[in-house]
>>> print(open('query.txt').read())   # compact mmCIF, C-alpha atoms
# COMPACT_ATOMS: atom_id res chain seq x y z
CA MET A 1 182.89 78.31 -19.14
CA SER A 2 182.12 78.50 -15.41
CA ASP A 3 182.79 75.50 -13.14
CA GLU A 4 179.02 75.06 -12.65
CA ALA A 5 178.35 75.12 -16.38
CA GLY A 6 181.08 72.53 -16.89
CA GLU A 7 179.62 70.25 -14.24
CA ARG A 8 176.13 70.55 -15.76
CA GLY A 9 177.45 69.15 -19.03
CA ARG A 10 179.61 66.39 -17.57
CA ARG A 11 178.36 62.91 -16.70
CA SER A 12 178.95 62.02 -13.06
CA VAL A 13 178.81 58.56 -11.50
CA VAL A 14 175.80 57.56 -9.39
CA LEU A 15 175.36 54.38 -7.35
CA ILE A 16 171.76 53.25 -6.80
CA THR A 17 170.86 50.33 -4.53
CA GLY A 18 167.71 48.22 -4.67
CA VAL A 19 167.21 47.94 -8.43
CA GLY A 20 165.83 44.44 -8.47
CA ARG A 21 162.65 44.39 -10.54
CA ALA A 22 161.01 46.21 -13.44
CA ARG A 23 158.31 47.76 -11.21
CA SER A 24 160.73 48.90 -8.52
CA ILE A 25 161.29 52.54 -7.63
CA GLY A 26 165.01 51.93 -8.03
CA ALA A 27 164.58 50.89 -11.67
CA ALA A 28 162.65 54.08 -12.46
CA ILE A 29 165.34 56.18 -10.78
CA ALA A 30 168.08 54.37 -12.70
CA LEU A 31 166.40 55.03 -16.05
CA ASP A 32 165.78 58.67 -15.19
CA LEU A 33 169.37 59.27 -14.14
CA ALA A 34 170.86 57.46 -17.13
CA VAL A 35 169.92 60.44 -19.30
CA ALA A 36 172.58 62.59 -17.61
CA HIS A 37 174.71 60.27 -15.45
CA ASP A 38 176.76 57.10 -15.57
CA VAL A 39 175.04 54.62 -13.28
CA ALA A 40 176.00 51.62 -11.17
CA PHE A 41 173.07 49.76 -9.66
CA SER A 42 172.88 46.93 -7.17
CA TYR A 43 170.30 44.19 -6.75
CA TRP A 44 169.84 41.06 -4.65
CA ASP A 45 167.76 38.32 -6.26
CA GLY A 46 168.11 36.18 -3.15
CA TYR A 47 165.76 38.49 -1.26
CA ASP A 48 163.31 39.05 -4.12
CA ALA A 49 162.97 35.29 -4.59
CA THR A 50 161.59 34.98 -1.04
CA MET A 51 158.88 37.58 -1.64
CA PRO A 52 155.42 37.02 -3.22
CA PHE A 53 156.38 39.09 -6.30
CA GLY A 54 159.47 36.92 -6.96
CA SER A 55 162.81 37.74 -8.56
CA GLU A 56 163.49 38.83 -12.16
CA PRO A 57 167.09 37.76 -12.85
CA GLU A 58 166.82 38.52 -16.57
CA PHE A 59 165.76 42.10 -15.90
CA HIS A 60 169.15 43.47 -14.84
CA ALA A 61 170.75 42.98 -18.26
CA GLU A 62 167.65 44.36 -20.01
CA LEU A 63 167.68 47.48 -17.84
CA ALA A 64 171.40 47.99 -18.40
CA GLU A 65 170.89 47.92 -22.18
CA ARG A 66 168.07 50.45 -22.00
CA MET A 67 170.29 52.74 -19.94
CA ARG A 68 173.22 52.38 -22.33
CA ALA A 69 170.91 53.39 -25.15
CA LEU A 70 170.45 56.68 -23.27
CA GLY A 71 174.21 57.26 -23.36
CA ALA A 72 175.16 56.02 -19.90
CA ARG A 73 177.98 53.77 -18.88
CA VAL A 74 176.30 51.15 -16.71
CA LEU A 75 177.51 48.68 -14.08
CA PRO A 76 174.98 46.16 -12.66
CA LEU A 77 176.19 44.58 -9.39
CA GLU A 78 174.70 41.76 -7.36
CA ALA A 79 175.13 42.70 -3.72
CA ASP A 80 173.98 41.17 -0.44
CA LEU A 81 173.69 44.24 1.79
CA ALA A 82 173.14 42.06 4.87
CA ASP A 83 176.89 41.38 4.72
CA PRO A 84 178.71 44.24 6.50
CA ALA A 85 181.65 43.94 4.09
CA THR A 86 179.47 44.64 1.03
CA PRO A 87 178.99 48.45 1.23
CA ALA A 88 182.68 49.38 1.13
CA ALA A 89 183.30 46.76 -1.56
CA LEU A 90 180.47 48.23 -3.68
CA ILE A 91 181.84 51.76 -3.51
CA ALA A 92 185.34 50.52 -4.36
CA ARG A 93 184.15 48.44 -7.32
CA VAL A 94 182.19 51.34 -8.80
CA ARG A 95 185.15 53.68 -8.31
CA ASP A 96 187.50 51.25 -10.04
CA GLU A 97 185.21 50.50 -13.01
CA LEU A 98 183.28 53.76 -13.62
CA GLY A 99 185.12 56.38 -11.60
CA PRO A 100 184.58 58.19 -8.27
CA VAL A 101 181.00 58.08 -7.04
CA ARG A 102 179.48 61.56 -7.04
CA ALA A 103 176.01 60.60 -5.77
CA LEU A 104 174.52 57.77 -3.70
CA VAL A 105 170.84 56.80 -3.91
CA LEU A 106 169.65 54.33 -1.28
CA SER A 107 166.58 52.57 -2.67
CA HIS A 108 167.06 49.11 -1.15
CA ALA A 109 164.79 47.67 1.52
CA HIS A 110 164.16 44.51 3.49
CA SER A 111 160.47 44.40 4.37
CA VAL A 112 158.50 41.50 5.87
CA ASP A 113 155.30 42.49 7.67
CA SER A 114 155.06 41.79 11.39
CA GLY A 115 154.05 43.69 14.51
CA ILE A 116 154.95 44.19 18.15
CA LEU A 117 153.83 40.72 19.24
CA ASP A 118 154.93 38.56 16.33
CA THR A 119 158.27 40.01 15.22
CA SER A 120 161.14 37.62 15.89
CA VAL A 121 164.60 38.72 16.99
CA ALA A 122 166.02 37.31 13.75
CA ALA A 123 163.56 39.30 11.62
CA PHE A 124 164.23 42.48 13.59
CA ASP A 125 167.98 42.07 13.15
CA ALA A 126 167.63 41.32 9.42
CA HIS A 127 165.71 44.56 8.83
CA PHE A 128 168.24 46.65 10.70
CA ALA A 129 171.17 44.93 8.99
CA VAL A 130 169.91 45.85 5.51
CA ASN A 131 167.84 49.00 5.97
CA THR A 132 169.94 50.71 8.62
CA ARG A 133 173.45 49.28 9.03
CA ALA A 134 174.08 48.86 5.30
CA SER A 135 172.86 52.39 4.63
CA TRP A 136 175.19 53.82 7.28
CA LEU A 137 178.13 51.83 5.90
CA LEU A 138 177.35 52.91 2.33
CA ILE A 139 177.21 56.56 3.39
CA LYS A 140 180.45 56.13 5.34
CA ALA A 141 182.28 54.52 2.41
CA PHE A 142 180.90 57.10 -0.01
CA ALA A 143 182.11 59.98 2.17
CA GLU A 144 185.52 58.39 2.70
CA ASN A 145 186.01 58.12 -1.05
CA TYR A 146 184.30 61.33 -2.19
CA ALA A 147 186.55 63.56 -4.28
CA GLY A 148 184.07 65.51 -6.39
CA PRO A 149 183.95 69.24 -7.06
CA HIS A 150 182.71 71.54 -4.33
CA GLY A 151 178.96 71.40 -3.88
CA TRP A 152 178.24 68.37 -6.05
CA GLY A 153 178.13 65.45 -3.61
CA ARG A 154 174.65 64.02 -3.10
CA ILE A 155 173.02 61.41 -0.87
CA VAL A 156 169.31 60.58 -1.26
CA ALA A 157 167.63 57.81 0.72
CA LEU A 158 164.10 56.46 0.36
CA THR A 159 162.25 56.17 3.63
CA SER A 160 158.76 55.35 4.97
CA ASP A 161 156.41 56.34 7.78
CA HIS A 162 154.76 52.92 7.92
CA THR A 163 155.18 51.42 11.39
CA ALA A 164 152.04 49.73 12.76
CA HIS A 165 151.91 46.04 11.77
CA ASN A 166 155.24 46.58 9.99
CA LEU A 167 157.37 47.18 13.06
CA PRO A 168 160.90 46.11 12.07
CA TYR A 169 160.65 47.81 8.69
CA GLY A 170 159.29 51.06 10.12
CA ALA A 171 161.74 51.11 13.02
CA SER A 172 164.71 50.48 10.75
CA LYS A 173 163.58 53.24 8.39
CA GLY A 174 163.17 55.62 11.33
CA ALA A 175 166.77 54.95 12.30
CA LEU A 176 167.79 55.53 8.68
CA ASP A 177 166.16 58.96 8.83
CA ARG A 178 168.40 59.98 11.72
CA ILE A 179 171.54 58.68 9.99
CA VAL A 180 170.84 60.69 6.83
CA GLN A 181 170.01 63.82 8.82
CA ALA A 182 173.29 63.41 10.69
CA ALA A 183 175.09 63.03 7.36
CA ALA A 184 173.63 66.34 6.19
CA VAL A 185 175.48 68.07 9.05
CA GLU A 186 178.61 65.95 9.37
CA LEU A 187 179.36 65.78 5.64
CA ALA A 188 178.63 69.43 4.88
CA PRO A 189 182.36 70.29 5.11
CA GLN A 190 182.84 67.90 2.17
CA SER A 191 180.10 69.77 0.28
CA ILE A 192 177.85 66.67 0.31
CA THR A 193 174.11 67.14 0.77
CA ALA A 194 171.93 64.41 2.28
CA ASN A 195 168.14 64.17 2.03
CA LEU A 196 165.32 61.67 2.45
CA VAL A 197 162.33 61.05 0.21
CA ASN A 198 159.13 59.41 1.46
CA PRO A 199 157.31 58.24 -1.69
CA GLY A 200 154.07 57.32 0.05
CA PRO A 201 151.99 54.40 -1.27
CA ILE A 202 153.40 53.12 -4.57
CA ASP A 203 152.35 49.75 -5.92
CA THR A 204 155.51 47.94 -6.92
CA GLY A 205 153.74 44.60 -6.91
CA TRP A 206 152.64 44.19 -3.32
CA MET A 207 149.13 45.73 -3.29
CA THR A 208 145.81 44.00 -3.76
CA PRO A 209 143.38 45.80 -6.12
CA GLU A 210 141.19 46.67 -3.14
CA LEU A 211 144.07 48.20 -1.19
CA ALA A 212 145.26 50.14 -4.25
CA ALA A 213 141.79 51.64 -4.74
CA ASP A 214 141.47 52.59 -1.06
CA LEU A 215 144.89 54.28 -0.98
CA ALA A 216 144.34 56.11 -4.28
CA ALA A 217 141.13 57.61 -2.90
CA GLU A 218 143.15 59.27 -0.12
CA THR A 219 145.23 61.41 -2.51
CA ALA A 220 144.35 64.74 -4.13
CA LEU A 221 144.63 63.37 -7.68
CA GLY A 222 142.77 60.16 -6.89
CA ARG A 223 145.63 57.91 -7.97
CA LEU A 224 148.57 56.07 -6.50
CA GLY A 225 152.07 57.37 -6.89
CA THR A 226 154.26 55.81 -9.55
CA PRO A 227 157.95 54.93 -9.37
CA HIS A 228 158.61 57.72 -11.87
CA ASP A 229 157.00 60.28 -9.53
CA THR A 230 159.76 59.46 -7.06
CA ALA A 231 162.42 59.34 -9.77
CA ASP A 232 161.53 62.89 -10.83
CA LEU A 233 162.25 64.22 -7.34
CA VAL A 234 165.45 62.22 -6.95
CA SER A 235 166.71 63.52 -10.30
CA PHE A 236 166.03 67.07 -9.14
CA LEU A 237 167.88 66.56 -5.86
CA LEU A 238 170.91 65.25 -7.76
CA SER A 239 170.88 68.18 -10.17
CA ALA A 240 172.54 71.58 -9.86
CA ALA A 241 169.12 73.07 -9.09
CA GLY A 242 168.72 70.76 -6.07
CA GLY A 243 172.01 71.65 -4.43
CA TRP A 244 170.55 74.07 -1.88
CA ILE A 245 168.30 71.40 -0.31
CA ASN A 246 169.96 69.60 2.60
CA GLY A 247 168.91 67.67 5.69
CA GLN A 248 165.27 67.41 4.59
CA LEU A 249 162.69 64.63 4.69
CA LEU A 250 160.54 65.32 1.63
CA HIS A 251 157.07 63.79 1.29
CA SER A 252 156.41 63.09 -2.38
CA ASN A 253 153.08 61.35 -1.89
CA GLY A 254 150.26 63.35 -3.41
CA GLY A 255 149.21 64.60 0.02
CA PHE A 256 148.50 61.11 1.33
CA HIS A 257 148.71 60.70 5.09
CA LEU A 258 149.25 57.18 6.37
CA PRO A 259 147.51 56.64 9.73
CA VAL A 260 149.70 55.28 12.52
>>> encode(input="query.txt", output="structure tokens")
Amino acid sequence: MSDEAGERGRRSVVLITGVGRARSIGAAIALDLAVAHDVAFSYWDGYDATMPFGSEPEFHAELAERMRALGARVLPLEADLADPATPAALIARVRDELGPVRALVLSHAHSVDSGILDTSVAAFDAHFAVNTRASWLLIKAFAENYAGPHGWGRIVALTSDHTAHNLPYGASKGALDRIVQAAAVELAPQSITANLVNPGPIDTGWMTPELAADLAAETALGRLGTPHDTADLVSFLLSAAGGWINGQLLHSNGGFHLPV
């Protein structure tokens, strides 16, 4: 059996961040990957509880059981990514309990709408601490601990092009884009690929019916994207077939273009 054939049939360990609620993109990715991978996922109910959609603390155990039924070993982890010590601790915990992390999926986000004139310094710093600094530190810790076979390391981060009236979120995601693109070059000697996925407008609980209808009308299929649309692309990027894609920002959004 070739090395590639062996890797195709072997479960690798994936860490996914931002798996807080049933409607989240992270939850759909976790379920998709559990078919072929062992999965650790992180969540932070403290943030979700401050948002209009609220937290779902009972969901983490339910999701883990669904994933185990698909054959995966699963490790749910509560993690405050605003703490700079958390990323390295997450990677180490997953390594110790499931094994070396082969792939890192960054699906977490801190997002509170505000614009140029009404964003506070505290809000700006909070967005960059979670969306940007934590992502860099997770990528750094992942690379420092990566020991997988040649060509099988993967980083995928979810990004956004939304900026107007959502300044700190959009700016922090823009900085994330540059970090991941740098990782694609700097980590290539370790045979780790790094890519970004922009899912476009997906209703994970934040849209009004009117907004959902307006956004759906702007796509070719006349519908919004679903979390599983994004999960399909992430699964491909983590597969053997996705190994030639590196340093890309992929728009998986049905052709939707968000005006600035």
>>> closest_residue(input="query.txt", among="A:Gly255, A:Trp152, A:Ser107, A:Ser42", to="Leu221 in chain A", atoms="only C-alpha atoms")
A:Gly255
>>> residues_around(input="query.txt", residues="Ala134 in chain A", least_positions_apart="5", cutoff="10 Å", atoms="all atoms listed in the file", output="PyMOL selection string")
chain A and resi 80-88+106+108+128-129+139-140+176
>>> closest_residue(input="query.txt", among="A:Ile25, A:Ala164, A:Leu137, A:Leu70", to="Ala109 in chain A", atoms="all atoms listed in the file")
A:Ile25
>>> closest_residue(input="query.txt", among="A:Leu211, A:Thr50, A:Arg154, A:Leu31", to="Glu65 in chain A", atoms="only C-alpha atoms")
A:Leu31
>>> closest_residue(input="query.txt", among="A:Arg93, A:Lys173, A:His162, A:Arg68", to="His110 in chain A", atoms="all atoms listed in the file")
A:Lys173
>>> residues_around(input="query.txt", residues="Arg66 in chain A", least_positions_apart="4", cutoff="12 Å", atoms="only C-alpha atoms", output="ChimeraX atom specification")
/A:22,27-28,30-35,39,59-62,70-74
>>> atom_distance(input="query.txt", atom1="CA of Val185 in chain A", atom2="CA of Leu249 in chain A")
13.9 Å
>>> atom_distance(input="query.txt", atom1="CA of Phe41 in chain A", atom2="CA of Pro76 in chain A")
5.1 Å
>>> residues_around(input="query.txt", residues="Met51 in chain A", least_positions_apart="6", cutoff="12 Å", atoms="all atoms listed in the file", output="list of chain:residue names")
A:Gly20, A:Arg21, A:Trp44, A:Asp45, A:His110, A:Ser111, A:Val112, A:Asp113, A:Gly205, A:Trp206
>>> atom_distance(input="query.txt", atom1="CA of Gly225 in chain A", atom2="CA of Pro199 in chain A")
7.4 Å
